[in-house]
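Engineer: So here's target_23.txt, just compact mmCIF, C-alpha atoms:
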# COMPACT_ATOMS: atom_id res chain seq x y z
CA MET A 1 -105.84 18.63 187.00
CA ALA A 2 -109.52 19.08 187.96
CA SER A 3 -108.89 22.63 189.31
CA SER A 4 -107.68 23.81 185.88
CA ILE A 5 -110.78 22.64 184.05
CA PRO A 6 -113.37 25.45 183.84
CA ARG A 7 -117.06 25.06 184.45
CA GLY A 8 -118.85 23.77 181.37
CA ILE A 9 -116.26 21.10 180.56
CA ARG A 10 -116.70 17.56 181.87
CA VAL A 11 -114.02 14.90 182.07
CA ILE A 12 -115.38 11.63 180.72
CA ASP A 13 -114.10 8.08 180.40
CA TRP A 14 -113.87 7.31 176.69
CA LYS A 15 -113.89 3.91 175.01
CA ASN A 16 -111.76 3.91 171.88
CA ALA A 17 -112.40 1.93 168.69
CA ASP A 18 -109.68 -0.56 169.64
CA LYS A 19 -111.49 -1.15 172.98
CA SER A 20 -108.84 0.72 174.96
CA ARG A 21 -109.93 3.54 177.29
CA SER A 22 -108.83 7.17 177.52
CA ILE A 23 -109.85 10.55 178.99
CA ARG A 24 -111.74 13.07 176.88
CA TYR A 25 -113.17 16.52 177.60
CA ARG A 26 -116.85 17.08 176.84
CA VAL A 27 -118.58 20.39 176.17
CA ARG A 28 -122.39 20.26 176.12
CA ILE A 29 -124.32 23.50 175.62
CA GLU A 30 -128.07 24.13 175.41
CA ARG A 31 -129.00 27.81 174.94
CA GLY A 32 -132.37 28.17 173.26
CA ASP A 33 -131.99 26.97 169.70
CA PHE A 34 -128.24 26.53 170.10
CA VAL A 35 -127.54 22.94 171.15
CA VAL A 36 -124.10 21.38 170.76
CA ASP A 37 -122.30 18.40 172.24
CA ARG A 38 -118.60 17.90 171.43
CA SER A 39 -115.72 16.04 173.06
CA PHE A 40 -112.00 16.69 172.63
CA ALA A 41 -108.84 14.73 173.26
CA ASP A 42 -107.13 17.65 175.02
CA VAL A 43 -108.46 20.27 177.42
CA GLU A 44 -107.07 23.30 175.55
CA ARG A 45 -109.27 22.67 172.51
CA ALA A 46 -112.26 22.13 174.81
CA LYS A 47 -111.58 25.52 176.46
CA MET A 48 -111.29 27.17 173.05
CA PHE A 49 -114.61 25.67 171.95
CA LEU A 50 -116.36 26.71 175.19
CA GLU A 51 -115.10 30.28 174.80
CA ASP A 52 -116.35 30.55 171.22
CA SER A 53 -119.79 29.30 172.26
CA LYS A 54 -120.29 32.37 174.49
CA THR A 55 -120.45 34.94 171.65
CA PRO A 56 -122.91 35.22 168.73
CA GLN A 57 -120.04 35.31 166.23
CA GLY A 58 -118.48 32.23 167.85
CA ARG A 59 -121.78 30.31 167.80
CA LEU A 60 -122.17 31.13 164.10
CA LEU A 61 -118.68 29.78 163.38
CA ILE A 62 -119.48 26.63 165.40
CA ALA A 63 -122.65 26.13 163.33
CA GLN A 64 -120.55 26.46 160.16
CA GLY A 65 -117.81 24.15 161.48
CA ARG A 66 -115.30 27.00 161.27
CA ASP A 67 -114.69 27.64 164.96
CA ARG A 68 -111.12 27.69 166.25
CA ALA A 69 -111.22 24.22 167.80
CA SER A 70 -112.61 22.60 164.66
CA MET A 71 -110.19 24.43 162.39
CA LEU A 72 -107.30 23.48 164.65
CA VAL A 73 -108.31 19.82 164.49
CA ASP A 74 -108.58 20.02 160.69
CA GLU A 75 -105.18 21.70 160.47
CA VAL A 76 -103.56 19.08 162.69
CA GLU A 77 -105.10 16.28 160.62
CA ARG A 78 -104.03 18.00 157.40
CA LEU A 79 -100.45 18.36 158.62
CA ALA A 80 -100.43 14.73 159.74
CA ILE A 81 -101.65 13.59 156.33
CA GLU A 82 -99.12 15.80 154.57
CA PHE A 83 -96.36 14.37 156.73
CA ILE A 84 -97.40 10.83 155.84
CA GLN A 85 -97.93 11.63 152.16
CA GLU A 86 -94.96 13.96 151.65
CA GLY A 87 -92.93 12.86 148.70
CA ARG A 88 -95.47 10.25 147.62
CA ALA A 89 -96.31 10.21 143.94
CA LYS A 90 -98.51 7.97 141.86
CA LEU A 91 -96.93 6.40 138.81
CA SER A 92 -99.33 8.32 136.56
CA ASP A 93 -98.13 11.61 138.11
CA ALA A 94 -94.50 10.57 137.57
CA ILE A 95 -95.27 9.74 133.93
CA ASP A 96 -96.95 13.13 133.46
CA GLY A 97 -93.92 14.88 134.95
CA TYR A 98 -91.55 12.89 132.74
CA MET A 99 -93.54 13.77 129.63
CA ARG A 100 -93.62 17.47 130.53
CA ALA A 101 -89.84 17.52 131.01
CA TYR A 102 -88.59 15.16 128.30
CA VAL A 103 -91.33 14.42 125.76
CA SER A 104 -93.44 17.57 125.30
CA PRO A 105 -90.50 19.82 124.32
CA LYS A 106 -89.65 17.46 121.47
CA LEU A 107 -93.23 17.57 120.19
CA GLU A 108 -92.52 21.21 119.28
CA SER A 109 -89.15 20.41 117.68
CA ALA A 110 -88.37 21.69 114.21
CA ILE A 111 -86.87 18.27 113.43
CA ASP A 112 -89.49 15.90 112.06
CA LYS A 113 -87.67 12.83 113.37
CA GLU A 114 -87.75 14.14 116.95
CA ARG A 115 -91.47 14.91 116.74
CA GLN A 116 -92.27 11.42 115.51
CA THR A 117 -90.17 9.82 118.26
CA ALA A 118 -91.86 12.00 120.89
CA LYS A 119 -95.33 11.09 119.62
CA ALA A 120 -94.51 7.40 119.88
CA ALA A 121 -93.09 7.85 123.40
CA ARG A 122 -96.18 9.80 124.51
CA ALA A 123 -98.58 7.18 123.13
CA ARG A 124 -96.61 4.35 124.76
CA LEU A 125 -96.49 5.96 128.22
CA GLU A 126 -100.13 7.08 128.15
CA HIS A 127 -101.14 3.52 127.36
CA CYS A 128 -98.87 2.07 130.05
CA LYS A 129 -100.72 4.07 132.72
CA THR A 130 -103.98 2.27 131.92
CA ILE A 131 -102.75 -1.34 132.12
CA ARG A 132 -104.59 -3.10 134.96
CA ILE A 133 -102.60 -5.51 137.10
CA PRO A 134 -103.69 -7.88 139.89
CA TYR A 135 -102.58 -7.29 143.49
CA ILE A 136 -103.45 -8.16 147.08
CA LYS A 137 -104.82 -5.23 149.09
CA PRO A 138 -102.81 -4.10 152.12
CA GLY A 139 -103.79 -5.95 155.28
CA PHE A 140 -104.58 -9.21 153.50
CA ALA A 141 -102.33 -12.25 153.34
CA VAL A 142 -100.72 -13.09 150.01
CA PRO A 143 -101.33 -16.79 149.21
CA SER A 144 -98.15 -18.81 149.00
CA GLY A 145 -97.08 -22.41 148.68
CA PRO A 146 -99.79 -24.73 147.28
CA LEU A 147 -102.35 -21.90 147.50
CA ALA A 148 -100.36 -19.52 145.32
CA SER A 149 -102.17 -20.71 142.20
CA LEU A 150 -105.50 -19.73 143.81
CA ARG A 151 -104.35 -16.14 144.32
CA GLN A 152 -107.14 -14.63 142.23
CA HIS A 153 -109.73 -16.24 144.52
CA ALA A 154 -108.08 -14.96 147.70
CA LYS A 155 -109.73 -12.45 149.98
CA GLY A 156 -108.27 -9.04 149.23
CA TYR A 157 -107.49 -9.84 145.59
CA ASP A 158 -108.18 -6.92 143.25
CA GLU A 159 -107.05 -5.25 140.04
CA LYS A 160 -106.29 -1.63 139.21
CA ALA A 161 -104.39 0.42 136.67
CA ILE A 162 -100.67 0.48 137.40
CA GLY A 163 -100.73 4.26 137.02
CA ASP A 164 -102.94 4.48 140.15
CA PHE A 165 -100.30 2.86 142.38
CA TYR A 166 -98.09 5.01 144.56
CA ILE A 167 -94.56 4.33 143.34
CA ASP A 168 -93.28 3.51 146.83
CA ASP A 169 -96.06 0.89 147.11
CA LEU A 170 -94.94 -0.83 143.90
CA THR A 171 -92.73 -3.84 144.47
CA GLU A 172 -90.98 -6.23 142.13
CA GLN A 173 -94.08 -8.44 142.41
CA GLU A 174 -96.39 -5.78 140.92
CA THR A 175 -93.97 -4.85 138.13
CA THR A 176 -93.53 -8.54 137.30
CA GLU A 177 -97.32 -8.83 137.21
CA TYR A 178 -97.28 -6.05 134.63
CA ILE A 179 -94.98 -8.13 132.43
CA ASN A 180 -97.11 -11.25 132.88
CA THR A 181 -100.32 -9.34 132.13
CA ARG A 182 -98.98 -7.85 128.91
CA LEU A 183 -97.63 -11.19 127.70
CA LYS A 184 -100.97 -12.82 128.56
CA ASP A 185 -102.66 -10.17 126.39
CA GLY A 186 -100.58 -11.43 123.47
CA LYS A 187 -98.10 -8.56 123.30
CA ALA A 188 -94.68 -9.31 121.83
CA ARG A 189 -91.77 -9.64 124.24
CA SER A 190 -89.97 -6.82 122.46
CA THR A 191 -93.00 -4.55 122.97
CA VAL A 192 -93.25 -5.33 126.68
CA LYS A 193 -89.50 -4.88 127.06
CA ARG A 194 -89.73 -1.37 125.56
CA GLU A 195 -92.57 -0.51 127.94
CA ILE A 196 -90.72 -1.77 131.02
CA TYR A 197 -87.57 0.17 130.12
CA ALA A 198 -89.65 3.28 129.44
CA LEU A 199 -91.28 3.01 132.90
CA GLN A 200 -87.88 2.31 134.43
CA SER A 201 -86.62 5.54 132.91
CA VAL A 202 -89.64 7.45 134.27
CA VAL A 203 -88.75 6.37 137.83
CA ASN A 204 -85.03 7.08 137.33
CA LYS A 205 -85.81 10.61 136.14
CA LEU A 206 -87.78 11.36 139.33
CA ARG A 207 -84.54 12.74 140.77
CA TYR A 208 -84.97 15.60 138.27
CA THR A 209 -88.79 15.83 137.99
CA ASP A 210 -89.87 15.10 141.61
CA ASN A 211 -86.91 14.97 143.95
CA LYS A 212 -89.03 14.40 147.08
CA ALA A 213 -90.56 11.29 145.54
CA TRP A 214 -87.10 10.15 144.44
CA LYS A 215 -85.69 10.54 147.96
CA ARG A 216 -88.62 8.61 149.37
CA LEU A 217 -87.74 5.67 147.10
CA ASN A 218 -84.14 5.72 148.38
CA GLY A 219 -82.83 4.47 145.05
CA HIS A 220 -85.37 1.64 144.76
CA ASN A 221 -86.71 1.28 141.22
CA PRO A 222 -89.37 -1.47 141.09
CA PHE A 223 -89.17 -1.72 137.29
CA LEU A 224 -85.42 -2.27 137.40
CA LEU A 225 -85.93 -5.23 139.75
CA ALA A 226 -88.85 -6.82 137.88
CA ASP A 227 -88.34 -10.42 136.77
CA LYS A 228 -87.50 -10.04 133.07
CA THR A 229 -86.81 -13.73 132.52
CA ARG A 230 -89.83 -14.11 130.23
CA LEU A 231 -88.65 -11.16 128.15
CA LYS A 232 -85.34 -12.73 127.16
CA GLY A 233 -84.96 -12.96 123.42
CA GLY A 234 -88.04 -11.59 121.77
CA GLU A 235 -86.02 -9.52 119.30
CA HIS A 236 -87.07 -10.51 115.80
CA ARG A 237 -83.98 -10.32 113.63
CA ARG A 238 -85.26 -9.19 110.27
CA ARG A 239 -83.04 -10.43 107.44
CA ARG A 240 -85.16 -9.20 104.55
CA VAL A 241 -83.23 -7.64 101.68
CA ILE A 242 -84.68 -6.23 98.48
CA THR A 243 -83.79 -8.22 95.38
CA GLU A 244 -82.92 -6.55 92.10
CA GLU A 245 -86.26 -7.73 90.65
CA GLU A 246 -88.18 -6.23 93.59
CA GLU A 247 -86.21 -3.01 93.31
CA ALA A 248 -87.11 -2.73 89.63
CA ALA A 249 -90.80 -3.40 90.35
CA LEU A 250 -90.80 -0.80 93.10
CA LEU A 251 -89.10 1.83 90.95
CA THR A 252 -91.64 1.23 88.19
CA GLU A 253 -94.50 1.83 90.61
CA LEU A 254 -92.76 4.77 92.29
CA ARG A 255 -92.33 6.56 88.95
CA ARG A 256 -96.13 6.59 88.62
CA CYS A 257 -96.40 8.79 91.70
CA ARG A 258 -97.30 12.42 91.02
CA ASN A 259 -94.46 13.59 93.26
CA PRO A 260 -91.08 12.60 91.73
CA GLU A 261 -89.47 12.83 95.20
CA MET A 262 -90.85 9.38 96.03
CA THR A 263 -88.63 7.71 93.43
CA LEU A 264 -85.56 9.72 94.34
CA ILE A 265 -85.89 9.09 98.09
CA PHE A 266 -86.09 5.33 97.55
CA ALA A 267 -83.20 5.36 95.06
CA LEU A 268 -80.98 7.27 97.47
CA ALA A 269 -81.96 5.09 100.42
CA ILE A 270 -80.89 1.92 98.65
CA SER A 271 -77.70 3.48 97.25
CA THR A 272 -76.48 5.20 100.45
CA GLY A 273 -77.87 3.14 103.34
CA MET A 274 -79.24 6.31 104.93
CA ARG A 275 -82.24 6.13 107.23
CA ARG A 276 -85.57 7.56 106.11
CA ALA A 277 -85.50 10.42 108.64
CA GLU A 278 -81.92 11.27 107.65
CA LEU A 279 -82.87 11.59 103.99
CA LEU A 280 -86.02 13.62 104.62
CA GLY A 281 -84.07 16.08 106.77
CA LEU A 282 -81.30 16.70 104.23
CA GLN A 283 -80.37 20.20 103.06
CA TRP A 284 -78.39 21.07 99.95
CA ALA A 285 -75.67 22.76 102.01
CA GLN A 286 -74.75 19.35 103.45
CA ILE A 287 -74.13 17.71 100.08
CA ASP A 288 -70.76 17.95 98.33
CA LEU A 289 -71.18 16.26 94.94
CA ASP A 290 -67.67 17.20 93.84
CA ARG A 291 -66.14 15.19 96.69
CA GLY A 292 -69.02 12.71 96.71
CA VAL A 293 -69.92 13.06 100.37
CA ILE A 294 -72.78 14.16 102.66
CA HIS A 295 -72.03 15.91 105.96
CA MET A 296 -74.65 14.71 108.46
CA ASP A 297 -75.23 16.92 111.51
CA ALA A 298 -75.49 15.41 114.99
CA ASP A 299 -79.17 16.34 115.36
CA GLN A 300 -80.01 14.39 112.20
CA THR A 301 -78.50 11.04 113.18
CA LYS A 302 -79.85 8.31 115.44
CA ALA A 303 -76.71 8.34 117.62
CA SER A 304 -76.71 12.17 117.84
CA GLU A 305 -73.19 12.29 116.36
CA ASP A 306 -72.11 13.88 113.09
CA ARG A 307 -70.89 11.64 110.30
CA LEU A 308 -69.82 11.51 106.66
CA VAL A 309 -71.84 9.51 104.12
CA ILE A 310 -69.90 8.37 101.07
CA LEU A 311 -71.77 8.73 97.78
CA LEU A 312 -71.36 5.90 95.31
CA PRO A 313 -71.75 6.76 91.57
CA GLU A 314 -75.45 5.80 91.46
CA ALA A 315 -76.17 8.03 94.46
CA LYS A 316 -74.42 10.97 92.79
CA GLU A 317 -76.57 10.50 89.69
CA ALA A 318 -79.72 10.43 91.79
CA PHE A 319 -78.83 13.74 93.46
CA LYS A 320 -78.10 15.34 90.10
CA ALA A 321 -81.64 14.46 88.99
CA ILE A 322 -83.22 16.42 91.86
CA GLN A 323 -84.48 19.90 91.06
CA ARG A 324 -83.52 22.52 93.66
CA VAL A 325 -86.50 24.46 95.04
CA ASP A 326 -85.14 25.78 98.34
CA GLU A 327 -82.58 24.79 100.97
CA ARG A 328 -84.30 21.46 101.60
CA VAL A 329 -83.58 18.51 99.32
CA PHE A 330 -86.94 16.80 99.96
CA HIS A 331 -90.22 18.20 101.23
CA TYR A 332 -92.00 15.14 102.61
CA LYS A 333 -92.84 14.77 106.29
CA ILE A 334 -92.23 11.30 107.76
CA GLU A 335 -95.92 10.45 108.13
CA GLY A 336 -96.75 11.61 104.62
CA PHE A 337 -93.94 9.55 103.10
CA LYS A 338 -94.92 6.46 105.13
CA THR A 339 -98.51 6.67 103.87
CA ASN A 340 -97.51 7.06 100.21
CA PHE A 341 -94.84 4.35 100.38
CA ARG A 342 -97.36 1.93 101.87
CA ARG A 343 -99.73 2.59 98.95
CA VAL A 344 -96.91 2.02 96.45
CA LEU A 345 -96.06 -1.33 98.07
CA GLU A 346 -99.70 -2.41 97.86
CA ARG A 347 -99.90 -1.54 94.18
CA ALA A 348 -96.63 -3.41 93.53
CA GLY A 349 -97.81 -6.43 95.54
CA LEU A 350 -94.79 -6.21 97.88
CA SER A 351 -96.41 -5.86 101.30
CA ASP A 352 -93.52 -7.68 103.03
CA ILE A 353 -91.03 -4.87 102.33
CA HIS A 354 -90.24 -2.09 104.84
CA MET A 355 -88.49 1.17 104.00
CA HIS A 356 -85.73 0.23 106.46
CA ASP A 357 -84.99 -2.82 104.27
CA THR A 358 -83.25 -0.43 101.85
CA ARG A 359 -80.57 0.11 104.52
CA ARG A 360 -80.15 -3.61 105.04
CA SER A 361 -80.03 -4.19 101.28
CA PHE A 362 -77.32 -1.56 100.81
CA ILE A 363 -75.15 -3.07 103.55
CA SER A 364 -75.57 -6.61 102.24
CA ARG A 365 -74.68 -5.63 98.68
CA VAL A 366 -71.57 -3.74 99.70
CA LEU A 367 -70.38 -6.52 102.01
CA LYS A 368 -70.63 -9.07 99.23
CA ASN A 369 -68.16 -7.01 97.20
CA ILE A 370 -65.63 -6.44 100.00
CA THR A 371 -62.69 -8.81 100.15
CA ALA A 372 -60.27 -6.94 102.47
CA SER A 373 -60.61 -7.18 106.26
CA PRO A 374 -60.33 -4.06 108.46
CA VAL A 375 -56.70 -2.96 108.74
CA ALA A 376 -55.16 -3.58 112.18
CA ILE A 377 -54.02 -0.47 114.02
CA ALA A 378 -50.30 -0.50 114.71
CA ASP A 379 -49.37 1.34 117.88
CA MET A 380 -46.04 2.67 116.73
CA VAL A 381 -46.21 6.31 117.76
CA GLY A 382 -46.19 5.76 121.53
CA ALA A 383 -49.76 6.97 122.06
CA ARG A 384 -51.04 6.41 125.61
CA SER A 385 -54.51 5.38 124.42
CA VAL A 386 -54.74 3.37 121.23
CA ALA A 387 -58.52 3.75 121.20
CA ASN A 388 -58.33 7.54 121.35
CA LEU A 389 -55.66 7.64 118.68
CA GLU A 390 -57.78 5.48 116.40
CA ARG A 391 -60.96 7.47 116.98
CA ARG A 392 -59.50 10.98 116.85
CA THR A 393 -56.72 10.63 114.28
CA ILE A 394 -56.44 7.40 112.33
CA ASP A 395 -60.17 7.06 111.64
CA ARG A 396 -60.37 10.63 110.36
CA ILE A 397 -57.44 10.01 108.00
CA ARG A 398 -59.10 6.85 106.71
CA GLN A 399 -62.41 8.64 106.24
CA ASN A 400 -60.68 11.30 104.17
CA ASP A 401 -58.97 8.61 102.08
CA MET A 402 -62.38 6.98 101.56
CA VAL A 403 -63.84 10.28 100.37
CA GLU A 404 -60.91 10.90 98.03
CA ALA A 405 -61.19 7.38 96.61
CA GLY A 406 -64.95 7.78 96.14
CA ALA A 407 -65.54 4.16 97.09
CA ILE A 408 -66.10 1.85 100.05
CA ALA A 409 -63.27 -0.67 100.31
CA THR A 410 -63.45 -2.19 103.81
CA GLU A 411 -66.01 -3.22 106.41
CA GLN A 412 -64.82 -0.38 108.65
CA GLU A 413 -65.53 2.14 105.88
CA LEU A 414 -68.97 0.62 105.44
CA ARG A 415 -69.67 1.08 109.18
CA TRP A 416 -68.59 4.72 108.98
CA THR A 417 -70.95 5.27 106.07
CA VAL A 418 -74.03 3.65 107.64
CA HIS A 419 -73.04 4.79 111.15
CA HIS A 420 -72.61 1.50 112.98
CA LYS A 421 -70.24 1.51 115.94
CA ASP A 422 -69.23 -2.14 115.65
CA GLY A 423 -69.41 -5.18 113.43
CA GLN A 424 -72.06 -6.77 115.66
CA THR A 425 -74.58 -4.11 114.65
CA THR A 426 -73.70 -4.46 110.98
CA ALA A 427 -74.02 -8.25 111.22
CA ARG A 428 -77.72 -7.89 112.09
CA TYR A 429 -78.26 -6.29 108.69
CA ALA A 430 -76.04 -8.52 106.60
CA ASN A 431 -77.80 -11.30 104.73
CA MET A 432 -75.12 -13.24 102.91
CA ILE A 433 -77.40 -16.20 102.18
CA PRO A 434 -78.83 -16.11 98.65
CA ASP A 435 -82.60 -15.78 98.43
CA LYS A 436 -84.43 -19.04 97.66
CA ALA A 437 -86.07 -17.51 94.63
CA SER A 438 -82.69 -16.50 93.18
CA LYS A 439 -81.42 -20.10 93.50
CA GLU A 440 -84.17 -21.33 91.29
Would you mind writing the file's structure down as structure tokens?
Structural biologist:
Amino acid sequence: MASSIPRGIRVIDWKNADKSRSIRYRVRIERGDFVVDRSFADVERAKMFLEDSKTPQGRLLIAQGRDRASMLVDEVERLAIEFIQEGRAKLSDAIDGYMRAYVSPKLESAIDKERQTAKAARARLEHCKTIRIPYIKPGFAVPSGPLASLRQHAKGYDEKAIGDFYIDDLTEQETTEYINTRLKDGKARSTVKREIYALQSVVNKLRYTDNKAWKRLNGHNPFLLADKTRLKGGEHRRRRVITEEEEAALLTELRRCRNPEMTLIFALAISTGMRRAELLGLQWAQIDLDRGVIHMDADQTKASEDRLVILLPEAKEAFKAIQRVDERVFHYKIEGFKTNFRRVLERAGLSDIHMHDTRRSFISRVLKNITASPVAIADMVGARSVANLERRTIDRIRQNDMVEAGAIATEQELRWTVHHKDGQTTARYANMIPDKASKE
């Protein structure tokens, strides 16, 4: 090996940082003002360095750290780092990619409801990135057993924003710490649950936004595996319905608004059970007052499915009172209506009422007047799938009968009108217990 080493390169015994020993190749040059002393792990780089030192251009590159040997070392290190880091993504980067693909497009939507939902999703995810959670740095022991309670005093204990973690470094322990931290901060279980499921969706969507990062995870989603025991329950079942006295007080205050649309929107909400966003997005072409029905498009409904809304007599009268200006029935944006409705509630002294209570009130009032149970489907035509027959044929016939009758006669018809898929959903709105005030 010695015969292949040119003059100017010395073989030296090298002591490594881990106290092991190895061979290195040293090049030491002193030519006037040009003095350099470098050692290399392999002889080829040492030869390259020695050759560059013999020309003025080479010596200039050496002085600048841009000679071939140095650049080769940098390139090798860069490739090694890229190999180690390939496919790695921080949670904040994954959130940014998710928002670019799934949230930002909806911020430009022509549908007000979609824009509002996207704004809420963006605010939630941006905030999630900043939540600081405790962890034990790599290389340090995680306290266990009797010492587990002293974890925050352990060597290696630290805190950082969850968005700064590489996703493949996140384990169920860190994601559970996120839950514990948020609950400790006094956040409602329902709020934390929404955040965890949002972050879970961000990781799941990596297969479409960052496939290399997704493959690196090998199907492991740390938010899916987090301990959600403390999040069980947490859903506040609101049973508030608007009494006739409260409705009258609200209408009185609403009529004092300069814009008459405020009164009409509330009146229609409580007489149709439609959601606020559904009402504000209505167009005259969807309303058939002769048949007493509204044709809701899929992009207007929460479930993204079209539906028919039956108009009771009071709803028909409310629509007849609206003056047509253009193709839109109402001209409020969601945020503008929310602000004005909040002011009306304050003036009426009814701060406990939400706009969504109109939907609950409509359902409760209709249910109290229904005596017939849903009609059982008789499978007498030899259909292979009873469910498909009911959904595609029988339900459509019943809906048409409901429209022709101009009334809601069964619980099933009520669910079609308010767009609930099952009785369980409707039950969350129904408040059959008389209000205490009405008893007195």
Engineer: Work out how far apart CA of Glu51 (chain A) and CA of Gln64 (chain A) are and give it in Å to one decimal.
Structural biologist: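 About the pair CA of Glu51 (chain A) and CA of Gln64 (chain A): they are 16.1 Å apart.
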Engineer: What's the 8 Å shell around region 290-307 of chain A, counting all atoms listed in the file, without same-chain residues fewer than 4 positions away, as a list of chain:residue names?
Structural biologist: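 Answer for this query is A:Ile111, A:Lys113, A:Ala277, A:Glu278, A:Gly281, A:Gln286, A:Leu311, A:Leu312, A:Lys316, A:Val403, A:Glu404, A:Gly406, A:Trp416, A:Thr417, A:His419.
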Engineer: For CA of Val329 (chain A) and CA of Glu261 (chain A), quote the distance in Å rounded to one decimal.
Structural biologist: 9.2 Å
Engineer: Report as a list of chain:residue names all protein, DNA and RNA residues lying within 10 Å of region 114-117 of chain A, evaluated on all atoms listed in the file, omitting residues in the same chain fewer than 3 positions from it.
Structural biologist: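 In the requested form, the answer reads A:Val103, A:Ser104, A:Pro105, A:Lys106, A:Leu107, A:Glu108, A:Ser109, A:Ala110, A:Ile111, A:Ala120, A:Ala121, A:Arg122, A:Ala277, A:Asp299, A:Gln300, A:Lys302, A:Lys333, A:Ile334, A:Glu335.
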Engineer: To test the calculation: enclose all listed atoms of region 239-244 of chain A in a box whose edges run along x, y and z, add 4 Å on each side, then state centre and edge lengths in Å to one decimal, as AutoDock Vina command-line options.
Structural biologist:
--center_x -84.0 --center_y -8.3 --center_z 99.8 --size_x 10.2 --size_y 12.2 --size_z 23.3
Engineer: Mind giving me the straight-line distance from CA of Arg31 (chain A) to CA of Leu72 (chain A) in Å, one decimal?
Structural biologist: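 Taking CA of Arg31 (chain A) and CA of Leu72 (chain A), their separation equals 24.4 Å.
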Engineer: Measuring between only C-alpha atoms, which one of A:Met48, A:Arg359, A:Ala101, A:Leu225 shows the shortest distance to Tyr208 (chain A)?
Structural biologist: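 Smallest distance to Tyr208 (chain A) is found for A:Ala101.
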Engineer: Using all atoms listed in the file, which of A:Arg276, A:Glu411, A:Lys184, A:Arg347 sits nearest Thr425 (chain A)?
Structural biologist: A:Glu411
